[in-house]
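Have a look at the structure below before the remarks.
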Amino acid sequence: MGTDNQTWVREFILLGLSNDWDTQVSLFVLFLVMYIVTVLGNFLIILLIRLDSRLHTPMYFFLTNLSLVDVSYATSIIPQMLVHLLAAHKAIPFVSCAAQLFFSLGWGGIEFVLLAVMAYDRYVAVCNPLRYSVIMHGGLCTRLAFTSWVSGSVNSLIHTAITFQLPMCANKYIDHISCEILAVIRLACVDTSSNEIAIMVSSIVLLMTPFCLVLLSYIQIISTILKIRSTEGRKKAFHTCASHLTVVVLCYGMAIFTYIQPRSSPSVLQEKLISLFYAVLTPMLNPMIYSVRNKEVKGAWQKLLGQFSGLTSKLAT
């Protein structure tokens, strides 16, 4: 194959979800509203944790990290998608596409490891409550969070580098809503077996390993909860983990379905829907799940709203 054919294209064309103008406008409004709710919801959670001293615990330290990751992940995909929904020419420069893949893949990896860290935190809280403050001290929490961020970032850097060194041979139409790794690899005009193996390996390390650690943690948690004699005690222990467990099911399920077997991956439409699920729905739902199902967060909201109402009343008088 000649050198002229093995060139890197200067820009890619994202085919997106639909070519119908009315559908694109409707999707633009829907996704814009959901993105605003996502940003506001997650930043309000972060603000609430910062303002309420009762939430200055390891669990909410990790929740702050999760909210930052959710906002960042959504921002790496949704703004560009909104622009393309109203654009006639849905182009994205080569460098921008590489940056989008790096950041979206990085935030996703960070979230998977972070959820495993949060599962360990819940395991210690339920199974070793008397030693919780000793085990989950500030230094350990910082190191665990740092490990999450570094592992996801390094994995993303490696995959971005090996993906965008592939010759595309003038193939520039990405049948996806973003520069998703599987969609970009499909454009390559050379054998991509090594890339698929790399995806499989990283899926085992950053997806299946944290998932197995989460399962082990919850097996121990459930075993401990079942040994609690009082119904009230079991209910309290369950509520301690309910929010996190809900988020775990949402985040790991689709990712395992998509990335653990790249050779037998789902259809292009399914890939698009899964990406939408992660970019739009999950980051928006996470703060709602932690607000609705968590008594401490609801109590903090009530306290904050009460203080705001009191301040408003004083200013009015």
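To be explicit about the labels: the chains of the structure tokens are called A, B, and onward in the order shown, and within each one the residues are counted from 1, while ligands get numbers from 1 in the order they are shown.
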Determine which residues of stretch 61-131 of chain A DSSP labels as alpha helix (DSSP H) from the backbone of this structure, then write them out as a count of residues only.
-> 59
Might you pull out every residue within 9 Å of stretch 120-134 of chain A, with only C-alpha atoms counted and same-chain residues fewer than 5 positions away left off, and present them as a ChimeraX atom specification?
-> /A:58-59,115,213-214,217-218,220-221,224-225,237-238,240-241,244
Give me, please, the distance in Å between atom CA of A:Asp22 and atom CA of A:Lys90, quoted to one decimal.
->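 Pair atom CA of A:Asp22 / atom CA of A:Lys90 returns 16.3 Å.
For A:Leu82, the set of protein, DNA and RNA residues having any atom at most 8 Å away, when counting only C-alpha atoms and skipping those fewer than 4 positions along the same chain, is Phe28, Phe31, Leu32, Ile78 and Leu86 of chain A.
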Keeping only N, CA and C atoms, write the selected residues to a file as a tab-separated table (two decimals), in the first residue's frame.
chain	number	residue	atom	x	y	z
A	28	PHE	N	-31.62	18.57	20.14
A	28	PHE	CA	-30.81	19.66	20.67
A	28	PHE	C	-31.43	20.23	21.94
A	31	PHE	N	-31.27	17.50	24.83
A	31	PHE	CA	-29.93	17.27	25.38
A	31	PHE	C	-29.39	18.52	26.06
A	32	LEU	N	-29.76	19.69	25.58
A	32	LEU	CA	-29.33	20.93	26.23
A	32	LEU	C	-29.91	21.03	27.63
A	78	ILE	N	-21.06	16.28	25.24
A	78	ILE	CA	-22.34	16.92	24.92
A	78	ILE	C	-22.22	18.26	24.20
A	86	LEU	N	-27.03	21.22	15.19
A	86	LEU	CA	-27.52	22.39	14.46
A	86	LEU	C	-26.63	22.78	13.29
Test item: residues at most 8 Å from stretch 141-149 of chain A, only C-alpha atoms, excluding those fewer than 6 positions along its chain, as a VMD selection string | chain A and resid 58 61 to 62 65 109 to 111 113 to 114 117
Can you work out which one of A:Cys212, A:Leu166, A:Lys172, A:Ala198 has the shortest atom-to-atom distance to A:Ile185, counting only C-alpha atoms?
->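 Among the listed residues, the smallest separation from A:Ile185 belongs to A:Leu166.
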Excluding A:Val71 and residues on its chain fewer than 2 positions from it, collect all residues at most 12 Å away from it, counting only C-alpha atoms, and give them as a PDB file with N, CA, C and O atoms, in the first residue's frame.
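So the final result, stored in part03.pdb, reads:
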ATOM      1  N   MET A  34     -30.976  18.542  29.498  1.00  0.00           N
ATOM      2  CA  MET A  34     -30.387  17.498  30.324  1.00  0.00           C
ATOM      3  C   MET A  34     -28.959  17.854  30.739  1.00  0.00           C
ATOM      4  O   MET A  34     -28.534  17.557  31.866  1.00  0.00           O
ATOM      5  N   TYR A  35     -28.210  18.499  29.851  1.00  0.00           N
ATOM      6  CA  TYR A  35     -26.840  18.902  30.181  1.00  0.00           C
ATOM      7  C   TYR A  35     -26.831  19.970  31.269  1.00  0.00           C
ATOM      8  O   TYR A  35     -26.026  19.918  32.202  1.00  0.00           O
ATOM      9  N   ILE A  36     -27.753  20.929  31.159  1.00  0.00           N
ATOM     10  CA  ILE A  36     -27.855  21.980  32.182  1.00  0.00           C
ATOM     11  C   ILE A  36     -28.206  21.365  33.537  1.00  0.00           C
ATOM     12  O   ILE A  36     -27.622  21.719  34.568  1.00  0.00           O
ATOM     13  N   VAL A  37     -29.160  20.429  33.526  1.00  0.00           N
ATOM     14  CA  VAL A  37     -29.543  19.743  34.771  1.00  0.00           C
ATOM     15  C   VAL A  37     -28.349  18.973  35.337  1.00  0.00           C
ATOM     16  O   VAL A  37     -28.112  18.964  36.555  1.00  0.00           O
ATOM     17  N   THR A  38     -27.575  18.336  34.464  1.00  0.00           N
ATOM     18  CA  THR A  38     -26.393  17.578  34.884  1.00  0.00           C
ATOM     19  C   THR A  38     -25.378  18.472  35.570  1.00  0.00           C
ATOM     20  O   THR A  38     -24.885  18.162  36.666  1.00  0.00           O
ATOM     21  N   VAL A  39     -25.049  19.596  34.931  1.00  0.00           N
ATOM     22  CA  VAL A  39     -24.046  20.514  35.489  1.00  0.00           C
ATOM     23  C   VAL A  39     -24.527  21.100  36.809  1.00  0.00           C
ATOM     24  O   VAL A  39     -23.794  21.093  37.813  1.00  0.00           O
ATOM     25  N   LEU A  40     -25.767  21.586  36.835  1.00  0.00           N
ATOM     26  CA  LEU A  40     -26.303  22.184  38.057  1.00  0.00           C
ATOM     27  C   LEU A  40     -26.408  21.156  39.180  1.00  0.00           C
ATOM     28  O   LEU A  40     -26.026  21.428  40.330  1.00  0.00           O
ATOM     29  N   GLY A  41     -26.923  19.963  38.857  1.00  0.00           N
ATOM     30  CA  GLY A  41     -27.106  18.926  39.873  1.00  0.00           C
ATOM     31  C   GLY A  41     -25.802  18.507  40.523  1.00  0.00           C
ATOM     32  O   GLY A  41     -25.692  18.428  41.752  1.00  0.00           O
ATOM     33  N   ASN A  42     -24.782  18.263  39.702  1.00  0.00           N
ATOM     34  CA  ASN A  42     -23.503  17.814  40.245  1.00  0.00           C
ATOM     35  C   ASN A  42     -22.771  18.914  41.002  1.00  0.00           C
ATOM     36  O   ASN A  42     -22.176  18.659  42.053  1.00  0.00           O
ATOM     37  N   PHE A  43     -22.834  20.143  40.492  1.00  0.00           N
ATOM     38  CA  PHE A  43     -22.173  21.238  41.210  1.00  0.00           C
ATOM     39  C   PHE A  43     -22.901  21.581  42.509  1.00  0.00           C
ATOM     40  O   PHE A  43     -22.278  21.994  43.492  1.00  0.00           O
ATOM     41  N   LEU A  44     -24.221  21.404  42.534  1.00  0.00           N
ATOM     42  CA  LEU A  44     -24.963  21.618  43.781  1.00  0.00           C
ATOM     43  C   LEU A  44     -24.594  20.562  44.826  1.00  0.00           C
ATOM     44  O   LEU A  44     -24.492  20.877  46.016  1.00  0.00           O
ATOM     45  N   ILE A  45     -24.393  19.317  44.374  1.00  0.00           N
ATOM     46  CA  ILE A  45     -23.945  18.262  45.288  1.00  0.00           C
ATOM     47  C   ILE A  45     -22.581  18.619  45.875  1.00  0.00           C
ATOM     48  O   ILE A  45     -22.338  18.489  47.086  1.00  0.00           O
ATOM     49  N   ILE A  46     -21.665  19.065  45.019  1.00  0.00           N
ATOM     50  CA  ILE A  46     -20.322  19.454  45.471  1.00  0.00           C
ATOM     51  C   ILE A  46     -20.402  20.611  46.454  1.00  0.00           C
ATOM     52  O   ILE A  46     -19.748  20.606  47.509  1.00  0.00           O
ATOM     53  N   THR A  64     -17.766  13.669  45.903  1.00  0.00           N
ATOM     54  CA  THR A  64     -17.316  14.907  45.264  1.00  0.00           C
ATOM     55  C   THR A  64     -16.494  14.600  44.020  1.00  0.00           C
ATOM     56  O   THR A  64     -16.680  15.207  42.955  1.00  0.00           O
ATOM     57  N   ASN A  65     -15.578  13.639  44.145  1.00  0.00           N
ATOM     58  CA  ASN A  65     -14.777  13.216  42.990  1.00  0.00           C
ATOM     59  C   ASN A  65     -15.663  12.660  41.884  1.00  0.00           C
ATOM     60  O   ASN A  65     -15.461  12.961  40.700  1.00  0.00           O
ATOM     61  N   LEU A  66     -16.665  11.852  42.261  1.00  0.00           N
ATOM     62  CA  LEU A  66     -17.568  11.267  41.273  1.00  0.00           C
ATOM     63  C   LEU A  66     -18.356  12.344  40.535  1.00  0.00           C
ATOM     64  O   LEU A  66     -18.531  12.268  39.312  1.00  0.00           O
ATOM     65  N   SER A  67     -18.809  13.358  41.259  1.00  0.00           N
ATOM     66  CA  SER A  67     -19.556  14.449  40.628  1.00  0.00           C
ATOM     67  C   SER A  67     -18.674  15.231  39.658  1.00  0.00           C
ATOM     68  O   SER A  67     -19.116  15.619  38.566  1.00  0.00           O
ATOM     69  N   LEU A  68     -17.425  15.469  40.037  1.00  0.00           N
ATOM     70  CA  LEU A  68     -16.482  16.156  39.143  1.00  0.00           C
ATOM     71  C   LEU A  68     -16.250  15.334  37.872  1.00  0.00           C
ATOM     72  O   LEU A  68     -16.216  15.882  36.757  1.00  0.00           O
ATOM     73  N   VAL A  69     -16.102  14.032  38.037  1.00  0.00           N
ATOM     74  CA  VAL A  69     -15.892  13.153  36.890  1.00  0.00           C
ATOM     75  C   VAL A  69     -17.118  13.144  35.984  1.00  0.00           C
ATOM     76  O   VAL A  69     -17.003  13.211  34.757  1.00  0.00           O
ATOM     77  N   TYR A  73     -17.035  14.289  32.173  1.00  0.00           N
ATOM     78  CA  TYR A  73     -17.350  13.333  31.117  1.00  0.00           C
ATOM     79  C   TYR A  73     -18.443  13.881  30.199  1.00  0.00           C
ATOM     80  O   TYR A  73     -18.320  13.832  28.969  1.00  0.00           O
ATOM     81  N   ALA A  74     -19.505  14.404  30.807  1.00  0.00           N
ATOM     82  CA  ALA A  74     -20.592  14.968  29.997  1.00  0.00           C
ATOM     83  C   ALA A  74     -20.095  16.129  29.144  1.00  0.00           C
ATOM     84  O   ALA A  74     -20.463  16.266  27.974  1.00  0.00           O
ATOM     85  N   THR A  75     -19.222  16.956  29.707  1.00  0.00           N
ATOM     86  CA  THR A  75     -18.715  18.131  28.991  1.00  0.00           C
ATOM     87  C   THR A  75     -17.782  17.738  27.852  1.00  0.00           C
ATOM     88  O   THR A  75     -17.663  18.470  26.863  1.00  0.00           O
ATOM     89  N   SER A  76     -17.140  16.591  27.954  1.00  0.00           N
ATOM     90  CA  SER A  76     -16.243  16.152  26.881  1.00  0.00           C
ATOM     91  C   SER A  76     -17.005  15.717  25.633  1.00  0.00           C
ATOM     92  O   SER A  76     -16.420  15.614  24.553  1.00  0.00           O
ATOM     93  N   ILE A  77     -18.306  15.476  25.766  1.00  0.00           N
ATOM     94  CA  ILE A  77     -19.086  14.966  24.632  1.00  0.00           C
ATOM     95  C   ILE A  77     -20.268  15.852  24.256  1.00  0.00           C
ATOM     96  O   ILE A  77     -20.478  16.174  23.079  1.00  0.00           O
ATOM     97  N   ILE A  78     -21.058  16.281  25.238  1.00  0.00           N
ATOM     98  CA  ILE A  78     -22.345  16.920  24.924  1.00  0.00           C
ATOM     99  C   ILE A  78     -22.221  18.264  24.203  1.00  0.00           C
ATOM    100  O   ILE A  78     -22.938  18.484  23.217  1.00  0.00           O
ATOM    101  N   PRO A  79     -21.371  19.210  24.625  1.00  0.00           N
ATOM    102  CA  PRO A  79     -21.309  20.489  23.899  1.00  0.00           C
ATOM    103  C   PRO A  79     -21.005  20.337  22.407  1.00  0.00           C
ATOM    104  O   PRO A  79     -21.644  20.982  21.565  1.00  0.00           O
ATOM    105  N   PHE A 103     -10.122  12.496  26.668  1.00  0.00           N
ATOM    106  CA  PHE A 103     -10.828  12.933  27.877  1.00  0.00           C
ATOM    107  C   PHE A 103     -12.017  12.028  28.213  1.00  0.00           C
ATOM    108  O   PHE A 103     -12.207  11.664  29.378  1.00  0.00           O
ATOM    109  N   SER A 104     -12.808  11.656  27.213  1.00  0.00           N
ATOM    110  CA  SER A 104     -13.976  10.820  27.509  1.00  0.00           C
ATOM    111  C   SER A 104     -13.553   9.437  28.011  1.00  0.00           C
ATOM    112  O   SER A 104     -14.124   8.909  28.971  1.00  0.00           O
ATOM    113  N   TRP A 107     -12.095   9.961  31.680  1.00  0.00           N
ATOM    114  CA  TRP A 107     -13.113  10.133  32.725  1.00  0.00           C
ATOM    115  C   TRP A 107     -13.847   8.828  32.989  1.00  0.00           C
ATOM    116  O   TRP A 107     -14.168   8.498  34.138  1.00  0.00           O
ATOM    117  N   GLY A 108     -14.115   8.048  31.915  1.00  0.00           N
ATOM    118  CA  GLY A 108     -14.792   6.774  32.097  1.00  0.00           C
ATOM    119  C   GLY A 108     -13.974   5.806  32.940  1.00  0.00           C
ATOM    120  O   GLY A 108     -14.498   5.160  33.848  1.00  0.00           O
ATOM    121  N   GLU A 111     -13.935   6.814  36.584  1.00  0.00           N
ATOM    122  CA  GLU A 111     -15.197   6.503  37.267  1.00  0.00           C
ATOM    123  C   GLU A 111     -15.282   5.036  37.671  1.00  0.00           C
ATOM    124  O   GLU A 111     -15.730   4.710  38.774  1.00  0.00           O
ATOM    125  N   TYR A 278     -24.297   7.058  28.759  1.00  0.00           N
ATOM    126  CA  TYR A 278     -23.194   7.466  29.626  1.00  0.00           C
ATOM    127  C   TYR A 278     -22.979   8.970  29.649  1.00  0.00           C
ATOM    128  O   TYR A 278     -22.687   9.551  30.691  1.00  0.00           O
ATOM    129  N   ALA A 279     -23.102   9.603  28.489  1.00  0.00           N
ATOM    130  CA  ALA A 279     -22.790  11.033  28.403  1.00  0.00           C
ATOM    131  C   ALA A 279     -23.913  11.921  28.914  1.00  0.00           C
ATOM    132  O   ALA A 279     -23.661  12.990  29.474  1.00  0.00           O
ATOM    133  N   VAL A 280     -25.153  11.489  28.723  1.00  0.00           N
ATOM    134  CA  VAL A 280     -26.303  12.347  29.017  1.00  0.00           C
ATOM    135  C   VAL A 280     -27.069  11.892  30.262  1.00  0.00           C
ATOM    136  O   VAL A 280     -27.337  12.693  31.172  1.00  0.00           O
ATOM    137  N   LEU A 281     -27.417  10.620  30.309  1.00  0.00           N
ATOM    138  CA  LEU A 281     -28.342  10.147  31.348  1.00  0.00           C
ATOM    139  C   LEU A 281     -27.651   9.865  32.679  1.00  0.00           C
ATOM    140  O   LEU A 281     -28.093  10.348  33.731  1.00  0.00           O
ATOM    141  N   THR A 282     -26.572   9.084  32.659  1.00  0.00           N
ATOM    142  CA  THR A 282     -25.917   8.694  33.912  1.00  0.00           C
ATOM    143  C   THR A 282     -25.412   9.883  34.724  1.00  0.00           C
ATOM    144  O   THR A 282     -25.673   9.965  35.927  1.00  0.00           O
ATOM    145  N   PRO A 283     -24.675  10.841  34.120  1.00  0.00           N
ATOM    146  CA  PRO A 283     -24.223  11.995  34.916  1.00  0.00           C
ATOM    147  C   PRO A 283     -25.364  12.831  35.478  1.00  0.00           C
ATOM    148  O   PRO A 283     -25.217  13.470  36.518  1.00  0.00           O
ATOM    149  N   MET A 284     -26.523  12.814  34.806  1.00  0.00           N
ATOM    150  CA  MET A 284     -27.669  13.569  35.291  1.00  0.00           C
ATOM    151  C   MET A 284     -28.360  12.821  36.439  1.00  0.00           C
ATOM    152  O   MET A 284     -28.827  13.436  37.412  1.00  0.00           O
ATOM    153  N   LEU A 285     -28.399  11.488  36.348  1.00  0.00           N
ATOM    154  CA  LEU A 285     -29.105  10.693  37.355  1.00  0.00           C
ATOM    155  C   LEU A 285     -28.323  10.548  38.658  1.00  0.00           C
ATOM    156  O   LEU A 285     -28.924  10.458  39.727  1.00  0.00           O
ATOM    157  N   ASN A 286     -26.989  10.502  38.587  1.00  0.00           N
ATOM    158  CA  ASN A 286     -26.186  10.242  39.778  1.00  0.00           C
ATOM    159  C   ASN A 286     -26.481  11.186  40.942  1.00  0.00           C
ATOM    160  O   ASN A 286     -26.723  10.728  42.069  1.00  0.00           O
ATOM    161  N   PRO A 287     -26.486  12.523  40.741  1.00  0.00           N
ATOM    162  CA  PRO A 287     -26.812  13.402  41.882  1.00  0.00           C
ATOM    163  C   PRO A 287     -28.237  13.219  42.374  1.00  0.00           C
ATOM    164  O   PRO A 287     -28.504  13.360  43.568  1.00  0.00           O
TER     165      PRO A 287
END
Measuring atom to atom with only C-alpha atoms, identify which of A:Tyr60, A:Cys169, A:Val201, A:Gly16 is nearest to A:Leu48.
-> A:Tyr60
Using only C-alpha atoms, which residues sit within 8 Å of A:Glu296 once same-chain residues fewer than 3 positions away are excluded, as a list in words?
->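 Once the nearby chain positions are removed, what remains is Leu55, Gly299 and Ala300 of chain A.
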Go ahead and write the residues just picked, N, CA, C and O atoms, as a PDB file, in the first residue's frame.
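Result written to selection-v6.pdb:
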ATOM      1  N   LEU A  55     -21.157  16.338  56.235  1.00  0.00           N
ATOM      2  CA  LEU A  55     -20.842  15.557  55.035  1.00  0.00           C
ATOM      3  C   LEU A  55     -19.343  15.514  54.753  1.00  0.00           C
ATOM      4  O   LEU A  55     -18.936  15.064  53.683  1.00  0.00           O
ATOM      5  N   GLY A 299     -31.144  15.559  54.445  1.00  0.00           N
ATOM      6  CA  GLY A 299     -31.088  16.402  55.631  1.00  0.00           C
ATOM      7  C   GLY A 299     -30.266  17.649  55.408  1.00  0.00           C
ATOM      8  O   GLY A 299     -30.623  18.745  55.862  1.00  0.00           O
ATOM      9  N   ALA A 300     -29.151  17.513  54.675  1.00  0.00           N
ATOM     10  CA  ALA A 300     -28.306  18.667  54.377  1.00  0.00           C
ATOM     11  C   ALA A 300     -29.029  19.656  53.467  1.00  0.00           C
ATOM     12  O   ALA A 300     -28.924  20.874  53.640  1.00  0.00           O
TER      13      ALA A 300
END
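Taking only C-alpha atoms into account, A:Gly253 lies nearest to A:Phe112 out of the set A:Leu17, A:Asn195, A:Phe112, A:Ile174.
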Non-local contacts of A:Thr160 (10 Å; only C-alpha atoms; under 2 positions in same chain excluded) as a list of chain:residue names =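 Result of the neighbour search: A:Cys97, A:Ala98, A:Ala99, A:Gln100, A:Leu101, A:Phe102, A:Phe103, A:Leu105, A:Gly106, A:Val154, A:Asn155, A:Ser156, A:Leu157, A:Ile158, A:Ile162, A:Thr163, A:Phe164, A:Gln165, A:Ile181.
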Would you mind exporting the chosen residues as an mmCIF file, in the first residue's frame, restricted to N, CA and C atoms?
data_model
loop_
_atom_site.group_PDB
_atom_site.id
_atom_site.type_symbol
_atom_site.label_atom_id
_atom_site.label_comp_id
_atom_site.auth_asym_id
_atom_site.auth_seq_id
_atom_site.Cartn_x
_atom_site.Cartn_y
_atom_site.Cartn_z
ATOM 1 N N CYS A 97 -10.687 15.607 17.782
ATOM 2 C CA CYS A 97 -11.204 14.233 17.908
ATOM 3 C C CYS A 97 -10.323 13.422 18.864
ATOM 4 N N ALA A 98 -9.008 13.577 18.716
ATOM 5 C CA ALA A 98 -8.079 12.871 19.607
ATOM 6 C C ALA A 98 -8.256 13.335 21.049
ATOM 7 N N ALA A 99 -8.436 14.638 21.226
ATOM 8 C CA ALA A 99 -8.636 15.181 22.583
ATOM 9 C C ALA A 99 -9.930 14.667 23.185
ATOM 10 N N GLN A 100 -10.990 14.605 22.374
ATOM 11 C CA GLN A 100 -12.273 14.109 22.879
ATOM 12 C C GLN A 100 -12.170 12.657 23.291
ATOM 13 N N LEU A 101 -11.498 11.846 22.496
ATOM 14 C CA LEU A 101 -11.339 10.438 22.855
ATOM 15 C C LEU A 101 -10.527 10.306 24.147
ATOM 16 N N PHE A 102 -9.449 11.092 24.250
ATOM 17 C CA PHE A 102 -8.603 11.032 25.446
ATOM 18 C C PHE A 102 -9.393 11.375 26.705
ATOM 19 N N PHE A 103 -10.122 12.496 26.668
ATOM 20 C CA PHE A 103 -10.828 12.933 27.877
ATOM 21 C C PHE A 103 -12.017 12.028 28.213
ATOM 22 N N LEU A 105 -12.529 8.858 27.381
ATOM 23 C CA LEU A 105 -12.039 7.553 27.828
ATOM 24 C C LEU A 105 -11.404 7.660 29.212
ATOM 25 N N GLY A 106 -10.700 8.767 29.452
ATOM 26 C CA GLY A 106 -10.068 8.975 30.753
ATOM 27 C C GLY A 106 -11.075 9.106 31.875
ATOM 28 N N VAL A 154 -3.760 7.427 32.564
ATOM 29 C CA VAL A 154 -2.690 6.685 31.883
ATOM 30 C C VAL A 154 -3.279 5.742 30.838
ATOM 31 N N ASN A 155 -4.339 5.018 31.204
ATOM 32 C CA ASN A 155 -5.002 4.124 30.263
ATOM 33 C C ASN A 155 -5.498 4.884 29.040
ATOM 34 N N SER A 156 -6.101 6.041 29.263
ATOM 35 C CA SER A 156 -6.618 6.852 28.162
ATOM 36 C C SER A 156 -5.498 7.358 27.263
ATOM 37 N N LEU A 157 -4.399 7.779 27.864
ATOM 38 C CA LEU A 157 -3.258 8.279 27.084
ATOM 39 C C LEU A 157 -2.711 7.189 26.172
ATOM 40 N N ILE A 158 -2.581 5.985 26.694
ATOM 41 C CA ILE A 158 -2.052 4.870 25.898
ATOM 42 C C ILE A 158 -2.977 4.565 24.724
ATOM 43 N N ILE A 162 -2.165 4.917 20.600
ATOM 44 C CA ILE A 162 -2.119 3.784 19.663
ATOM 45 C C ILE A 162 -3.290 3.806 18.675
ATOM 46 N N THR A 163 -4.363 4.511 19.023
ATOM 47 C CA THR A 163 -5.499 4.616 18.097
ATOM 48 C C THR A 163 -5.223 5.609 16.987
ATOM 49 N N PHE A 164 -4.682 6.760 17.336
ATOM 50 C CA PHE A 164 -4.502 7.806 16.330
ATOM 51 C C PHE A 164 -3.183 7.721 15.578
ATOM 52 N N GLN A 165 -2.404 6.660 15.818
ATOM 53 C CA GLN A 165 -1.270 6.394 14.950
ATOM 54 C C GLN A 165 -1.668 5.461 13.802
ATOM 55 N N ILE A 181 -13.789 5.217 20.836
ATOM 56 C CA ILE A 181 -12.625 4.440 20.406
ATOM 57 C C ILE A 181 -12.955 3.352 19.392
#
